[in-house]
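One structure is given below, encoded as structure tokens.
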Amino acid sequence: MSQEPQVVSMMHATRHTKPSAESRDYYQKLLQTLSVPGVTPENNTAQGKAAREALMLWNGYYTLSASGPDAASESVATGAFFAIDANMVVTPALSEPYLDVTLIVSLDGKHANRFRFDSAFDGKTLVQTNKYGLKIELIFVRNADTYGAVATCTGTITLPGSTEVTVTGQTYNNPIQATLFAGKYYASTSGSAPVEVMEIGANYQLRYDFGSNDGVLMAVPAYVYNLNMYYFLFPQQESYVHLIMGTSGNKGFACNDMCDGSANPVRSLLTIPDAPTIWPNILGEPDIDLVNFSGYYPLTYANGPDRCTPAGFVSIQAQYSTWLPGHSADCYMVLISWSFDGVHSQGCYFDRINSNMSYKDGELTIPEFGVKLTLTRSYDARTNALVKLEGVIGKTFVTGFTPFNPVPLTAFGGLSLSNASGDCLTIQGNNSVIYNGQENQSVIYVPLMYILAYPALFTDVVMSLGTDGTHGTACIVTTNVNEPQTRWQTTAVWSLPPLASTEN
């Protein structure tokens with residue numbers, strides 16, 4: 001196996017994290033409750049809806065630490081977190097999608113509880129109480145003008161039966177709307193042309209082939225969409241389908257399609273399946289600031305000879321590889337792609353050594369393709385964008401934005417992740433992890449999709465990181481990936497692992 005295919009496979013790898021039993025059971029209950037004809041969702045007054053929509057914009061997993069008078073105490077343990085979990089629910093019984101928001105809290109890093117949000121939020125200050133003694137008062141602040149955490153929270157949390165604790169927290173997460181992933185998705189089977197198996201359409205319509213691979217799509221009448229980890233969940237007979245969304249450079253949007261209890265392998269779906277694999281030059285040396293602008297930028301405007309549809313995009317997707325164990329990240333690669341119609345795409349790896357590409361102070365230039373783009377980091381509450389893009393591609397002027405935020409590997413550190421079977425993952429830094437007692441310092445990491453793989457050469461292990469409700473940070477671990485898929489082995493680990501009887 002050559003060196004280059006290993007690098008490319010990680011750039012086009014897709015997220016592979018589905019919810020645990022606790023999260024899945026909660027989402028199933030949402031679907032069941034809100035599918036009853038004539039149902040009226042809780043707290044669905046104009047005031048309640050406005051508060052949920054405002055709090056949804058701060059959706060994410062906030063790593064907590066003690067502050068103020070509690071800073072020197074052990075009242076907030078390693079692994080403590082506060083999460084705003086936002087989910088969009090669509091059912092035939094609802095006249096419009098319902099936005100469900102819950103608050104998840106762990107102060108001891110060992111146990112977490114989920115609470116329904118049903119109080120006040122004015123856009124910056126959250127005040128939540130309940131009859132059992134819960135009291136949360138937090139002030140939220142944006143930090144979207146520089147790379148890194150996009151929001152912070154400070155204030156106090158009082159859990160039922162406990163004393164008030166002063167906390168501060170930060171999150172790298174930014175909510176991603178389901179409508180952003182609109183498009184037709186294709187599965188590729190050996191020796192056959194790609195076949196359409198899913199479509200995300202207008203007005204929250206979702207169509208799916210339910211695993212048939214015959215190109216016949218049926219409407220999915222009811223589903224839940226999670227805005228933090230951007231996945232869909234809906235029933236299929238006695239099981240549930242999980243559609244884990246992501247991006248894949250010049251191949252457009254990506255989706256890992258999984259069904260509980262199914263004997264069929266995971267299907268990897270793409271919106272541009274026939275896009276060629278682009279080979280990198282590992283000596284391209286992109287500017288680190290360009291790496292930090294990783295994101296999928298839907299094009300909002302195009303004026304010129306190239307007609308642009310709502311599916312047009314620019315993609316900047318970076319990964320780093322640590323080839324030499326014990327050294328810091330020594331090889332960054334950035335795949336830059338664009339499409340005016342979401343069907344055909346072009347792209348190239350940034351390479352300032354063997355070409356006349358350049359990047360400086362937010363200005364990206366690729367003369368070979370007539371690309372000259374300006375990237376500006378600034379939060380836009382209207383679109384929930386973190387970065388805006390404008391410039392020219394060929395002779396066409398374009399504008400766009402991205403709500404995506406790359407997440408450093410260390411954001412998943414703190415507590416070790418484990419399961420009832422004894423598997424254990426410890427993230428020691430951006431270039432070193434320990435899994436089941438074996439230290440690995442030669443890694444590949446894709447910050448935009450939270451994908452970790454090792455070793456950097458002849459990769460055998462792929463890890464998909466994320467968060468999972470009351471179980472904190474989570475990771476799907478797949479081993480033997482350099483062998484036929486029938487020999488792959490997959491398991492899951494969590495910072496707050498579930499009991500053995502409830503693990504997926």
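Following the order of the structure tokens, first chain is A, next is B, and so on, with residues numbered from 1 inside each chain and ligands from 1 in the order they appear.
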Quiz item: Could you name the residues that touch stretch 107-116 of chain A at 9 Å or less, counting only C-alpha atoms, but leaving out those on the same chain fewer than 2 positions away, as an NGL selection string?
Solution: :A and (64-65 or 74-82 or 100-105 or 118 or 134 or 157 or 159 or 165 or 415 or 469-472 or 495-497)
Practice problem: Within 9 Å of A:Trp323, counting only C-alpha atoms, which residues show up once you throw out same-chain ones fewer than 5 positions away? Write them as a count of residues only, please. | Solution: 10
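Non-sequential neighbours of A:Glu439 (distance at most 10 Å, separation of 6 or more positions within a chain, only C-alpha atoms) are A:Pro325, A:Leu425, A:Thr426, A:Ile427, A:Gln428, A:Ser432, A:Val433.
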Using backbone DSSP assignments, extract all helix (DSSP H, G or I) residues from stretch 37-180 of chain A; output them as a PDB file with N, CA and C atoms, in the first residue's frame.
ATOM      1  N   ALA A  46     -45.430  31.312  21.701  1.00  0.00           N
ATOM      2  CA  ALA A  46     -44.524  32.168  20.937  1.00  0.00           C
ATOM      3  C   ALA A  46     -43.277  32.501  21.754  1.00  0.00           C
ATOM      4  N   GLN A  47     -43.476  32.743  23.053  1.00  0.00           N
ATOM      5  CA  GLN A  47     -42.340  33.062  23.916  1.00  0.00           C
ATOM      6  C   GLN A  47     -41.422  31.865  24.093  1.00  0.00           C
ATOM      7  N   GLY A  48     -42.025  30.680  24.269  1.00  0.00           N
ATOM      8  CA  GLY A  48     -41.212  29.471  24.429  1.00  0.00           C
ATOM      9  C   GLY A  48     -40.424  29.141  23.178  1.00  0.00           C
ATOM     10  N   LYS A  49     -41.067  29.260  22.011  1.00  0.00           N
ATOM     11  CA  LYS A  49     -40.383  28.994  20.744  1.00  0.00           C
ATOM     12  C   LYS A  49     -39.230  29.965  20.536  1.00  0.00           C
ATOM     13  N   ALA A  50     -39.453  31.244  20.851  1.00  0.00           N
ATOM     14  CA  ALA A  50     -38.402  32.246  20.667  1.00  0.00           C
ATOM     15  C   ALA A  50     -37.211  31.955  21.563  1.00  0.00           C
ATOM     16  N   ALA A  51     -37.478  31.531  22.811  1.00  0.00           N
ATOM     17  CA  ALA A  51     -36.382  31.227  23.735  1.00  0.00           C
ATOM     18  C   ALA A  51     -35.584  30.020  23.253  1.00  0.00           C
ATOM     19  N   ARG A  52     -36.266  28.973  22.763  1.00  0.00           N
ATOM     20  CA  ARG A  52     -35.554  27.784  22.273  1.00  0.00           C
ATOM     21  C   ARG A  52     -34.728  28.110  21.035  1.00  0.00           C
ATOM     22  N   GLU A  53     -35.298  28.880  20.129  1.00  0.00           N
ATOM     23  CA  GLU A  53     -34.557  29.234  18.911  1.00  0.00           C
ATOM     24  C   GLU A  53     -33.336  30.081  19.234  1.00  0.00           C
ATOM     25  N   ALA A  54     -33.456  30.963  20.211  1.00  0.00           N
ATOM     26  CA  ALA A  54     -32.305  31.788  20.597  1.00  0.00           C
ATOM     27  C   ALA A  54     -31.226  30.946  21.270  1.00  0.00           C
ATOM     28  N   LEU A  55     -31.633  30.002  22.135  1.00  0.00           N
ATOM     29  CA  LEU A  55     -30.650  29.169  22.832  1.00  0.00           C
ATOM     30  C   LEU A  55     -30.004  28.167  21.879  1.00  0.00           C
ATOM     31  N   MET A  56     -30.764  27.731  20.857  1.00  0.00           N
ATOM     32  CA  MET A  56     -30.215  26.797  19.869  1.00  0.00           C
ATOM     33  C   MET A  56     -28.941  27.331  19.235  1.00  0.00           C
ATOM     34  N   GLY A  68     -13.931  31.828  39.916  1.00  0.00           N
ATOM     35  CA  GLY A  68     -14.293  32.651  41.056  1.00  0.00           C
ATOM     36  C   GLY A  68     -13.923  31.983  42.359  1.00  0.00           C
ATOM     37  N   PRO A  69     -14.788  32.004  43.360  1.00  0.00           N
ATOM     38  CA  PRO A  69     -14.465  31.446  44.667  1.00  0.00           C
ATOM     39  C   PRO A  69     -14.304  29.933  44.671  1.00  0.00           C
ATOM     40  N   ASP A  70     -14.785  29.253  43.601  1.00  0.00           N
ATOM     41  CA  ASP A  70     -14.666  27.797  43.539  1.00  0.00           C
ATOM     42  C   ASP A  70     -13.444  27.340  42.758  1.00  0.00           C
ATOM     43  N   ALA A 178     -30.136  21.327   9.298  1.00  0.00           N
ATOM     44  CA  ALA A 178     -30.346  20.193   8.399  1.00  0.00           C
ATOM     45  C   ALA A 178     -30.430  20.638   6.947  1.00  0.00           C
ATOM     46  N   THR A 179     -30.973  21.834   6.710  1.00  0.00           N
ATOM     47  CA  THR A 179     -31.144  22.310   5.337  1.00  0.00           C
ATOM     48  C   THR A 179     -29.812  22.516   4.619  1.00  0.00           C
ATOM     49  N   LEU A 180     -28.737  22.681   5.358  1.00  0.00           N
ATOM     50  CA  LEU A 180     -27.438  22.877   4.719  1.00  0.00           C
ATOM     51  C   LEU A 180     -27.033  21.651   3.903  1.00  0.00           C
TER      52      LEU A 180
END
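Candidate residues A:Phe234, A:Trp58, A:Tyr450, A:Phe313 were compared for distance to A:Asp25, and the nearest is A:Phe234, using only C-alpha atoms.
Distances from A:Thr146, A:Gln177, A:Ser294, A:Asn430 to A:Phe232 were compared using only C-alpha atoms, and the smallest one belongs to A:Gln177.
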Quiz item: Which residues come within 7 Å of A:Phe397, counting only C-alpha atoms, excluding same-chain residues fewer than 2 positions away, as a PyMOL selection string?
Solution: chain A and resi 302-304+391-393+395
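Taking only C-alpha atoms, the non-local environment of A:Pro310 within 8 Å (same-chain residues fewer than 4 positions away omitted) comprises A:Pro298, A:Leu299, A:Thr300, A:Asp341.
Here atom CA of A:Gly252 and atom CA of A:Asn59 stand 24.9 Å from one another.
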Closest atom pairs, residues of stretch 225-244 of chain A within 12 Å of stretch 192-208 of chain A, only C-alpha atoms, as a Markdown table:
| residue | atom | partner | partner_atom | distance |
| --- | --- | --- | --- | --- |
| A:Tyr225 | CA | A:Tyr204 | CA | 10.4 |
| A:Phe232 | CA | A:Leu206 | CA | 9.7 |
| A:Leu233 | CA | A:Leu206 | CA | 11.2 |
| A:Phe234 | CA | A:Leu206 | CA | 10.4 |
| A:Pro235 | CA | A:Tyr208 | CA | 11.7 |
| A:Gln236 | CA | A:Tyr208 | CA | 10.7 |
| A:Val241 | CA | A:Tyr208 | CA | 10.2 |
| A:His242 | CA | A:Tyr208 | CA | 11.7 |
| A:Leu243 | CA | A:Met198 | CA | 9.9 |
The selected residues should be written to file as a short mmCIF file (atom, residue, chain, number, x, y, z; two decimals), in the first residue's frame (atoms: N, CA and C atoms).
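Ended up saving to out-v7.cif:
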data_model
loop_
_atom_site.label_atom_id
_atom_site.label_comp_id
_atom_site.auth_asym_id
_atom_site.auth_seq_id
_atom_site.Cartn_x
_atom_site.Cartn_y
_atom_site.Cartn_z
N TYR A 225 -33.44 15.31 13.90
CA TYR A 225 -32.14 15.77 13.42
C TYR A 225 -31.43 16.49 14.55
N PHE A 232 -29.30 12.38 11.34
CA PHE A 232 -30.73 12.08 11.30
C PHE A 232 -30.97 10.72 11.93
N LEU A 233 -32.11 10.56 12.58
CA LEU A 233 -32.52 9.27 13.13
C LEU A 233 -34.00 9.07 12.83
N PHE A 234 -34.36 7.88 12.31
CA PHE A 234 -35.76 7.57 12.04
C PHE A 234 -35.96 6.06 12.03
N PRO A 235 -37.19 5.60 12.26
CA PRO A 235 -37.43 4.16 12.36
C PRO A 235 -37.44 3.46 11.02
N GLN A 236 -37.00 2.21 11.05
CA GLN A 236 -37.12 1.29 9.90
C GLN A 236 -37.54 -0.05 10.47
N VAL A 241 -32.63 3.87 11.71
CA VAL A 241 -31.60 4.27 10.76
C VAL A 241 -30.90 5.51 11.30
N HIS A 242 -29.57 5.54 11.17
CA HIS A 242 -28.77 6.69 11.56
C HIS A 242 -28.05 7.21 10.32
N LEU A 243 -28.29 8.45 9.97
CA LEU A 243 -27.60 9.09 8.85
C LEU A 243 -26.65 10.12 9.43
#
Practice problem: Work out how far apart atom CA of A:Pro273 and atom CA of A:Asn356 are and give it in Å to one decimal. | Solution: 29.4 Å
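Residue neighbourhood of A:Thr40, excluding near-sequence residues (fewer than 4 positions): Thr33, Leu34, Ser35, Val36, Asn44, Thr45, Ala93, Leu94, Ser95, Glu96 and Tyr98 of chain A, at 12 Å, using only C-alpha atoms.
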Quiz item: Which residues, written as a ChimeraX atom specification, have at least one atom at most 12 Å from A:Arg382, with only C-alpha atoms counted and residues fewer than 3 positions away on the same chain left out?
Solution: /A:54,57,378-379,385-386,401,403
Create the file for the chosen residues now, containing N, CA and C atoms and written as a tab-separated table (two decimals), in the first residue's frame.
chain	number	residue	atom	x	y	z
A	54	ALA	N	-33.46	30.96	20.21
A	54	ALA	CA	-32.31	31.79	20.60
A	54	ALA	C	-31.23	30.95	21.27
A	57	LEU	N	-28.84	28.63	19.07
A	57	LEU	CA	-27.66	29.22	18.43
A	57	LEU	C	-26.39	29.01	19.27
A	378	SER	N	-15.80	36.19	11.09
A	378	SER	CA	-16.71	37.11	11.76
A	378	SER	C	-18.06	36.43	11.89
A	379	TYR	N	-18.64	36.44	13.09
A	379	TYR	CA	-19.91	35.74	13.32
A	379	TYR	C	-21.07	36.52	12.74
A	385	ALA	N	-23.08	31.89	10.56
A	385	ALA	CA	-21.78	31.69	9.92
A	385	ALA	C	-20.65	32.15	10.82
A	386	LEU	N	-19.53	31.45	10.73
A	386	LEU	CA	-18.32	31.82	11.46
A	386	LEU	C	-17.30	32.51	10.55
A	401	PHE	N	-20.32	31.36	2.86
A	401	PHE	CA	-20.05	31.38	4.29
A	401	PHE	C	-19.93	29.95	4.78
A	403	PRO	N	-20.66	27.61	8.53
A	403	PRO	CA	-20.96	27.51	9.96
A	403	PRO	C	-20.07	26.49	10.65
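Note that DSSP on the backbone gives strand (DSSP E) to these residues of stretch 154-184 of chain A: Thr154, Gly155, Thr156, Ile157, Thr158, Val165, Thr166, Val167, Thr168, Gly169, Gln170, Thr171, Gly183 and Lys184 of chain A.
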